[in-house]
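my_file.cif (mmCIF, C-alpha atoms) appears below.
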data_start
loop_
_atom_site.label_atom_id
_atom_site.label_comp_id
_atom_site.auth_asym_id
_atom_site.auth_seq_id
_atom_site.Cartn_x
_atom_site.Cartn_y
_atom_site.Cartn_z
CA MET A 1 10.12 -24.57 16.43
CA ALA A 2 7.65 -21.77 15.56
CA SER A 3 8.71 -19.41 12.77
CA GLU A 4 9.00 -16.45 15.16
CA ASP A 5 11.44 -18.53 17.23
CA LYS A 6 13.73 -18.72 14.19
CA ASP A 7 14.42 -14.98 14.13
CA LEU A 8 17.34 -13.48 16.05
CA VAL A 9 17.20 -9.69 16.12
CA GLU A 10 19.76 -7.74 18.14
CA ILE A 11 20.93 -4.18 18.58
CA LEU A 12 24.43 -4.15 20.02
CA GLU A 13 25.48 -1.46 22.47
CA GLU A 14 28.48 0.77 21.83
CA HIS A 15 31.86 -0.87 21.22
CA ASN A 16 30.39 -4.38 20.72
CA LYS A 17 31.48 -5.80 17.39
CA ILE A 18 29.18 -8.03 15.34
CA ASP A 19 30.17 -11.69 15.55
CA ILE A 20 29.34 -12.73 11.98
CA ALA A 21 29.92 -16.44 12.69
CA LYS A 22 27.31 -16.33 15.49
CA TYR A 23 24.58 -15.19 13.11
CA ILE A 24 25.56 -17.56 10.29
CA ASN A 25 25.56 -20.44 12.79
CA TYR A 26 22.13 -19.35 14.03
CA VAL A 27 20.54 -19.62 10.58
CA SER A 28 22.40 -22.80 9.56
CA ALA A 29 20.26 -25.92 9.21
CA PRO A 30 20.59 -29.29 7.44
CA GLN A 31 17.67 -28.43 5.13
CA ALA A 32 19.15 -25.03 4.17
CA GLY A 33 20.23 -25.07 0.55
CA ALA A 34 21.24 -21.41 0.83
CA ILE A 35 22.38 -18.88 3.38
CA ALA A 36 22.38 -15.33 2.06
CA THR A 37 24.20 -12.63 4.02
CA PHE A 38 24.64 -8.90 3.91
CA SER A 39 27.40 -7.11 5.78
CA GLY A 40 27.22 -3.31 5.86
CA THR A 41 30.70 -1.94 6.56
CA THR A 42 32.09 1.55 7.02
CA ARG A 43 33.97 2.71 3.93
CA ASP A 44 36.85 5.19 4.00
CA THR A 45 35.47 7.85 1.63
CA PHE A 46 32.18 9.42 0.62
CA GLU A 47 31.90 11.93 -2.24
CA GLY A 48 35.61 12.77 -1.99
CA LYS A 49 35.58 13.22 1.79
CA THR A 50 37.73 11.08 4.09
CA VAL A 51 35.45 9.11 6.44
CA LEU A 52 36.84 8.34 9.90
CA GLU A 53 33.84 6.47 11.29
CA LEU A 54 30.08 6.18 11.36
CA ARG A 55 28.10 6.75 14.56
CA TYR A 56 24.71 5.18 15.10
CA GLU A 57 21.92 6.07 17.50
CA ALA A 58 18.55 4.38 17.83
CA TYR A 59 15.28 4.33 19.66
CA VAL A 60 16.02 0.74 20.66
CA PRO A 61 12.57 -0.61 21.71
CA MET A 62 10.94 0.66 18.52
CA ALA A 63 13.89 -0.36 16.33
CA LEU A 64 13.69 -3.92 17.66
CA ARG A 65 9.93 -4.05 17.07
CA CYS A 66 10.38 -2.71 13.53
CA MET A 67 13.12 -5.20 12.69
CA LYS A 68 11.04 -8.10 14.05
CA SER A 69 8.11 -6.90 11.94
CA ILE A 70 10.36 -6.78 8.87
CA CYS A 71 11.40 -10.38 9.55
CA SER A 72 7.74 -11.36 9.81
CA SER A 73 7.00 -9.63 6.49
CA ALA A 74 9.90 -11.45 4.85
CA ARG A 75 8.52 -14.77 6.12
CA SER A 76 5.13 -13.99 4.61
CA SER A 77 6.70 -13.40 1.19
CA TRP A 78 9.39 -16.10 1.01
CA ASN A 79 9.83 -19.64 2.29
CA LEU A 80 12.53 -19.06 4.92
CA LEU A 81 14.09 -21.23 7.60
CA ALA A 82 15.78 -18.62 9.81
CA ILE A 83 16.68 -14.93 9.91
CA ALA A 84 19.35 -13.19 11.96
CA VAL A 85 19.78 -9.42 12.09
CA ALA A 86 22.32 -7.42 14.11
CA HIS A 87 22.95 -3.66 14.15
CA CYS A 88 25.61 -1.78 16.11
CA LEU A 89 25.17 1.47 17.99
CA GLY A 90 27.87 4.02 18.69
CA PRO A 91 31.04 4.51 16.66
CA VAL A 92 31.87 2.05 13.86
CA PRO A 93 35.37 2.67 12.44
CA VAL A 94 36.35 2.20 8.79
CA GLY A 95 36.37 -1.47 7.78
CA GLU A 96 34.08 -2.65 10.59
CA THR A 97 30.55 -4.01 10.19
CA SER A 98 27.62 -1.93 11.42
CA VAL A 99 24.77 -4.15 10.22
CA PHE A 100 24.69 -7.86 9.42
CA ILE A 101 21.88 -10.00 8.06
CA ALA A 102 21.81 -13.76 7.49
CA VAL A 103 18.85 -15.56 5.93
CA SER A 104 18.54 -19.29 5.32
CA ALA A 105 16.13 -21.04 3.00
CA VAL A 106 15.78 -24.30 1.13
CA HIS A 107 16.33 -22.44 -2.16
CA ARG A 108 18.78 -19.61 -2.96
CA ALA A 109 16.22 -17.31 -4.62
CA ASP A 110 14.19 -17.08 -1.41
CA ALA A 111 17.29 -16.44 0.71
CA LEU A 112 18.74 -13.81 -1.64
CA ASP A 113 15.47 -11.95 -2.21
CA ALA A 114 14.58 -11.94 1.48
CA CYS A 115 18.05 -10.74 2.50
CA LYS A 116 17.80 -7.77 0.11
CA PHE A 117 14.29 -7.02 1.34
CA VAL A 118 15.37 -7.03 4.99
CA ILE A 119 18.28 -4.58 4.53
CA ASP A 120 16.25 -2.28 2.28
CA GLU A 121 13.38 -2.16 4.80
CA ILE A 122 15.75 -1.57 7.72
CA LYS A 123 17.30 1.38 5.91
CA ALA A 124 13.89 2.74 4.88
CA SER A 125 11.93 2.46 8.11
CA VAL A 126 13.79 1.51 11.29
CA PRO A 127 14.54 4.36 13.75
CA ILE A 128 18.32 4.04 13.60
CA TRP A 129 20.19 7.23 12.75
CA LYS A 130 23.63 7.48 11.16
CA LYS A 131 26.20 10.24 11.42
CA GLU A 132 29.20 10.23 9.06
CA VAL A 133 32.32 11.60 10.71
CA TYR A 134 34.85 13.06 8.26
CA SER A 135 38.38 14.34 8.75
CA ASN A 136 36.93 17.86 8.34
CA GLY A 137 33.46 17.63 9.94
CA GLU A 138 30.42 15.42 10.39
CA VAL A 139 26.88 15.14 9.09
CA TRP A 140 23.73 13.17 9.92
CA LYS A 141 22.74 11.08 6.89
CA GLU A 142 19.38 10.00 5.51
CA ASN A 143 19.42 6.66 3.74
CA THR A 144 18.42 6.64 0.07
CA GLU A 145 15.75 4.05 0.87
CA PHE A 146 14.24 6.38 3.51
CA LEU A 147 14.21 9.32 1.09
CA GLU A 148 12.60 7.22 -1.64
CA ARG A 149 9.93 5.97 0.79
CA ARG A 150 9.24 9.56 1.86
CA LEU A 151 8.93 10.63 -1.80
CA ASP A 152 6.54 7.75 -2.50
CA LEU A 153 4.39 8.81 0.46
CA GLY A 154 4.45 12.39 -0.84
CA LYS A 155 3.17 11.20 -4.21
CA LYS A 156 0.24 9.54 -2.44
CA ASP A 157 -0.48 12.84 -0.68
CA GLU A 158 -0.50 14.63 -4.06
CA ILE A 159 -3.56 12.60 -5.02
CA TRP A 160 -5.45 14.41 -2.27
CA ASN A 161 -4.07 17.78 -3.37
CA GLU A 162 -5.28 17.26 -6.95
CA LYS A 163 -8.89 17.27 -5.76
CA GLU A 164 -10.37 20.46 -4.43
CA ILE A 165 -10.90 19.78 -0.77
CA GLU A 166 -12.50 22.13 1.70
CA VAL A 167 -11.73 21.69 5.37
CA GLU A 168 -14.15 22.89 8.02
CA VAL A 169 -13.04 23.15 11.62
CA GLU A 170 -15.72 22.92 14.27
CA ARG A 171 -14.90 23.90 17.85
CA HIS A 172 -16.34 21.84 20.66
CA THR A 173 -17.93 23.77 23.48
CA ARG A 174 -16.68 21.36 26.12
CA LYS A 175 -13.01 20.65 26.64
CA SER A 176 -11.64 17.47 25.16
CA CYS A 177 -8.27 16.00 24.44
CA CYS A 178 -8.63 16.67 20.72
CA GLY A 179 -9.68 20.32 20.80
CA ALA A 180 -10.98 20.78 17.26
CA LYS A 181 -12.87 18.41 15.01
CA VAL A 182 -11.90 18.45 11.33
CA LYS A 183 -14.35 17.50 8.62
CA VAL A 184 -13.17 17.00 5.03
CA ILE A 185 -15.67 17.83 2.31
CA GLU A 186 -14.75 16.66 -1.17
CA GLU A 187 -15.85 18.47 -4.31
CA GLY A 188 -19.45 17.59 -5.11
CA ASP A 189 -20.42 16.84 -1.48
CA GLU A 190 -23.05 19.03 0.16
CA LYS A 191 -21.97 21.18 3.10
#

As C-alpha coordinates:
Amino acid sequence: MASEDKDLVEILEEHNKIDIAKYINYVSAPQAGAIATFSGTTRDTFEGKTVLELRYEAYVPMALRCMKSICSSARSSWNLLAIAVAHCLGPVPVGETSVFIAVSAVHRADALDACKFVIDEIKASVPIWKKEVYSNGEVWKENTEFLERRLDLGKKDEIWNEKEIEVEVERHTRKSCCGAKVKVIEEGDEK
(Lines of atoms letter the chains of each structure in order from A and count residues from 1; the text may use other names and numbers.)
(Lines give C-alpha, C1' and ligand atoms only; values in the text may rest on other atoms or scores of the structure.)
Protein backbone atom coordinates (compact mmCIF):
# COMPACT_ATOMS: atom_id res chain seq x y z
CA MET A 1 0.00 0.00 0.00
CA ALA A 2 1.47 3.39 -1.00
CA SER A 3 1.86 5.94 1.80
CA GLU A 4 -0.77 8.25 0.30
CA ASP A 5 -3.22 5.33 0.42
CA LYS A 6 -2.76 5.20 4.20
CA ASP A 7 -4.30 8.63 4.77
CA LEU A 8 -8.02 9.04 5.39
CA VAL A 9 -9.09 12.68 5.30
CA GLU A 10 -12.77 13.58 5.61
CA ILE A 11 -14.92 16.64 6.14
CA LEU A 12 -18.30 15.61 7.48
CA GLU A 13 -21.43 17.48 6.45
CA GLU A 14 -23.75 19.05 9.00
CA HIS A 15 -25.22 16.84 11.72
CA ASN A 16 -22.84 13.91 11.03
CA LYS A 17 -20.99 12.93 14.18
CA ILE A 18 -17.40 11.71 14.08
CA ASP A 19 -17.16 7.95 14.53
CA ILE A 20 -13.93 7.82 16.56
CA ALA A 21 -13.71 4.01 16.38
CA LYS A 22 -13.76 4.17 12.55
CA TYR A 23 -10.63 6.33 12.45
CA ILE A 24 -8.77 4.38 15.13
CA ASN A 25 -9.56 1.15 13.26
CA TYR A 26 -8.31 2.73 10.03
CA VAL A 27 -4.86 3.48 11.46
CA SER A 28 -4.55 0.22 13.43
CA ALA A 29 -1.92 -2.21 12.17
CA PRO A 30 0.00 -5.18 13.64
CA GLN A 31 3.29 -3.26 13.35
CA ALA A 32 1.89 -0.16 15.12
CA GLY A 33 3.53 0.24 18.49
CA ALA A 34 1.57 3.46 19.04
CA ILE A 35 -1.64 5.14 18.00
CA ALA A 36 -1.82 8.78 19.02
CA THR A 37 -5.16 10.57 18.87
CA PHE A 38 -6.50 14.06 19.32
CA SER A 39 -10.16 14.80 19.86
CA GLY A 40 -11.21 18.45 19.74
CA THR A 41 -14.49 18.85 21.63
CA THR A 42 -16.78 21.78 22.30
CA ARG A 43 -16.41 23.05 25.86
CA ASP A 44 -19.19 24.76 27.81
CA THR A 45 -17.45 28.06 28.65
CA PHE A 46 -14.97 30.50 27.17
CA GLU A 47 -13.63 33.50 29.11
CA GLY A 48 -16.62 33.42 31.47
CA LYS A 49 -19.21 33.13 28.70
CA THR A 50 -21.58 30.18 28.45
CA VAL A 51 -20.96 28.35 25.15
CA LEU A 52 -23.97 26.66 23.54
CA GLU A 53 -22.25 25.28 20.45
CA LEU A 54 -19.59 25.84 17.83
CA ARG A 55 -20.48 26.23 14.15
CA TYR A 56 -18.02 25.39 11.42
CA GLU A 57 -17.91 26.42 7.77
CA ALA A 58 -15.29 25.50 5.20
CA TYR A 59 -14.20 25.85 1.64
CA VAL A 60 -14.32 22.06 1.35
CA PRO A 61 -12.21 21.35 -1.79
CA MET A 62 -9.35 23.54 -0.55
CA ALA A 63 -9.67 22.31 3.05
CA LEU A 64 -9.36 18.69 1.88
CA ARG A 65 -6.31 19.53 -0.26
CA CYS A 66 -4.70 21.38 2.66
CA MET A 67 -5.32 18.54 5.10
CA LYS A 68 -3.91 15.98 2.64
CA SER A 69 -0.85 18.19 2.20
CA ILE A 70 -0.43 18.38 5.98
CA CYS A 71 -0.55 14.57 6.14
CA SER A 72 2.11 14.41 3.44
CA SER A 73 4.30 16.86 5.39
CA ALA A 74 3.89 14.77 8.53
CA ARG A 75 4.99 11.67 6.61
CA SER A 76 8.11 13.47 5.41
CA SER A 77 9.09 14.32 8.99
CA TRP A 78 8.13 11.17 10.92
CA ASN A 79 8.03 7.45 10.22
CA LEU A 80 4.25 6.90 10.15
CA LEU A 81 2.05 3.97 9.22
CA ALA A 82 -1.34 5.66 8.80
CA ILE A 83 -3.12 8.97 9.41
CA ALA A 84 -6.84 9.64 9.75
CA VAL A 85 -8.33 13.12 10.01
CA ALA A 86 -12.00 14.07 10.31
CA HIS A 87 -13.57 17.52 10.77
CA CYS A 88 -17.26 18.35 11.18
CA LEU A 89 -19.14 21.20 9.56
CA GLY A 90 -22.23 22.89 10.93
CA PRO A 91 -23.24 23.03 14.59
CA VAL A 92 -21.27 21.01 17.16
CA PRO A 93 -22.95 21.08 20.60
CA VAL A 94 -21.10 21.10 23.92
CA GLY A 95 -19.37 17.79 24.61
CA GLU A 96 -19.28 16.65 20.97
CA THR A 97 -16.16 16.22 18.84
CA SER A 98 -15.54 18.64 15.97
CA VAL A 99 -12.12 17.39 14.87
CA PHE A 100 -10.44 14.01 15.34
CA ILE A 101 -6.97 12.85 14.38
CA ALA A 102 -5.45 9.38 14.69
CA VAL A 103 -1.84 8.62 13.78
CA SER A 104 -0.12 5.24 13.95
CA ALA A 105 3.59 4.55 13.97
CA VAL A 106 6.02 1.87 15.05
CA HIS A 107 7.25 4.15 17.87
CA ARG A 108 5.23 6.45 20.16
CA ALA A 109 7.43 9.54 19.68
CA ASP A 110 6.67 9.61 15.94
CA ALA A 111 2.93 9.13 16.52
CA LEU A 112 2.69 11.76 19.27
CA ASP A 113 4.80 14.38 17.49
CA ALA A 114 2.99 13.89 14.18
CA CYS A 115 -0.45 14.06 15.82
CA LYS A 116 0.43 17.41 17.45
CA PHE A 117 1.84 18.69 14.17
CA VAL A 118 -1.31 17.74 12.23
CA ILE A 119 -3.74 19.51 14.59
CA ASP A 120 -1.53 22.60 14.89
CA GLU A 121 -1.23 22.88 11.10
CA ILE A 122 -4.96 22.36 10.59
CA LYS A 123 -5.72 25.17 13.02
CA ALA A 124 -3.07 27.43 11.46
CA SER A 125 -3.74 26.99 7.76
CA VAL A 126 -6.85 25.07 6.69
CA PRO A 127 -9.82 27.16 5.45
CA ILE A 128 -12.25 26.03 8.14
CA TRP A 129 -13.94 28.81 10.09
CA LYS A 130 -15.36 28.57 13.61
CA LYS A 131 -18.13 30.59 15.21
CA GLU A 132 -18.66 30.34 18.98
CA VAL A 133 -22.31 30.64 19.92
CA TYR A 134 -22.90 31.92 23.47
CA SER A 135 -26.05 32.26 25.54
CA ASN A 136 -25.81 36.03 24.90
CA GLY A 137 -24.38 36.29 21.37
CA GLU A 138 -21.90 34.78 18.93
CA VAL A 139 -18.51 35.55 17.46
CA TRP A 140 -16.28 34.22 14.67
CA LYS A 141 -13.00 33.03 16.17
CA GLU A 142 -9.44 33.01 14.87
CA ASN A 143 -7.32 30.15 16.14
CA THR A 144 -4.21 31.05 18.14
CA GLU A 145 -2.12 29.02 15.68
CA PHE A 146 -3.49 31.09 12.77
CA LEU A 147 -2.74 34.36 14.56
CA GLU A 148 0.78 33.23 15.43
CA ARG A 149 1.41 32.18 11.81
CA ARG A 150 0.14 35.57 10.61
CA LEU A 151 2.44 37.36 13.09
CA ASP A 152 5.40 35.27 11.93
CA LEU A 153 4.65 36.21 8.32
CA GLY A 154 4.41 39.87 9.37
CA LYS A 155 7.86 39.65 10.94
CA LYS A 156 9.23 38.40 7.62
CA ASP A 157 7.60 41.38 5.90
CA GLU A 158 9.30 43.73 8.38
CA ILE A 159 12.65 42.66 6.96
CA TRP A 160 11.64 44.30 3.69
CA ASN A 161 10.41 47.41 5.49
CA GLU A 162 13.74 47.87 7.28
CA LYS A 163 15.47 48.47 3.94
CA GLU A 164 14.69 51.60 2.02
CA ILE A 165 12.87 50.38 -1.04
CA GLU A 166 11.66 52.51 -3.89
CA VAL A 167 8.86 51.23 -6.06
CA GLU A 168 8.45 52.43 -9.62
CA VAL A 169 5.23 51.74 -11.49
CA GLU A 170 5.43 51.62 -15.27
CA ARG A 171 2.22 51.70 -17.31
CA HIS A 172 1.98 49.53 -20.38
CA THR A 173 0.68 51.19 -23.49
CA ARG A 174 -1.21 48.11 -24.61
CA LYS A 175 -3.90 46.50 -22.50
CA SER A 176 -2.95 43.43 -20.54
CA CYS A 177 -4.39 41.40 -17.73
CA CYS A 178 -1.90 42.83 -15.25
CA GLY A 179 -2.29 46.54 -15.96
CA ALA A 180 0.80 47.94 -14.25
CA LYS A 181 4.29 46.53 -13.93
CA VAL A 182 6.01 47.04 -10.58
CA LYS A 183 9.77 47.21 -10.29
CA VAL A 184 11.45 47.13 -6.87
CA ILE A 185 14.73 49.01 -6.57
CA GLU A 186 16.72 48.34 -3.42
CA GLU A 187 19.01 50.91 -1.84
CA GLY A 188 22.30 51.04 -3.74
CA ASP A 189 20.81 49.85 -7.06
CA GLU A 190 20.92 52.22 -10.02
CA LYS A 191 17.61 53.48 -11.39

Can you list, as a PyMOL selection string, every protein, DNA or RNA residue that comes within 12 Å of Val118 of chain A when you count only C-alpha atoms, leaving out same-chain residues fewer than 2 positions away? chain A and resi 9+36-38+66-75+77-78+83-86+99-103+110-116+120-126+145

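When you apply the PyMOL selection byres ((chain A and resi 129-144) around 7) to this structure, what comes back is Lys49, Thr50, Val51, Leu52, Glu53, Leu54, Arg55, Tyr56, Glu57, Ala58, Lys123, Ala124, Pro127, Ile128, Glu145, Phe146, Leu147 and Glu148 of chain A.
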
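Atom CA of Ile18 of chain A sits 13.0 Å away from atom CA of Thr42 of chain A.
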
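From atom CA of Ile24 of chain A back to atom CA of Arg108 of chain A, the distance works out to 15.0 Å.
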
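Using all atoms listed in the file for every distance, the candidate list A:Thr97, A:Asn79, A:Phe117, A:Glu10 yields A:Glu10 as the residue closest to Leu64 of chain A.
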
Could you check which residues have any atom within 8 Å of (29.6, -1.9, 22.4), counting all atoms listed in the file with coordinates taken straight from the file, and then list them as a count of residues only? 9

As a check of understanding: the span from atom CA of Gly40 of chain A to atom CA of Tyr23 of chain A is 14.2 Å

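Between Tyr59 of chain A and the residues A:Ala21, A:Ile11, A:Ala109, A:Ile119, the shortest atom-to-atom distance, using all atoms listed in the file, involves A:Ile11.
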
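Distances from A:Ala105, A:Met62, A:Leu81, A:Val94 to Arg43 of chain A were compared using all atoms listed in the file, and the smallest one belongs to A:Val94.
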
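Distances here use only C-alpha atoms; by that measure, the residue among A:His87, A:Arg65, A:Pro93, A:Asp19 closest to Thr45 of chain A is A:Pro93.
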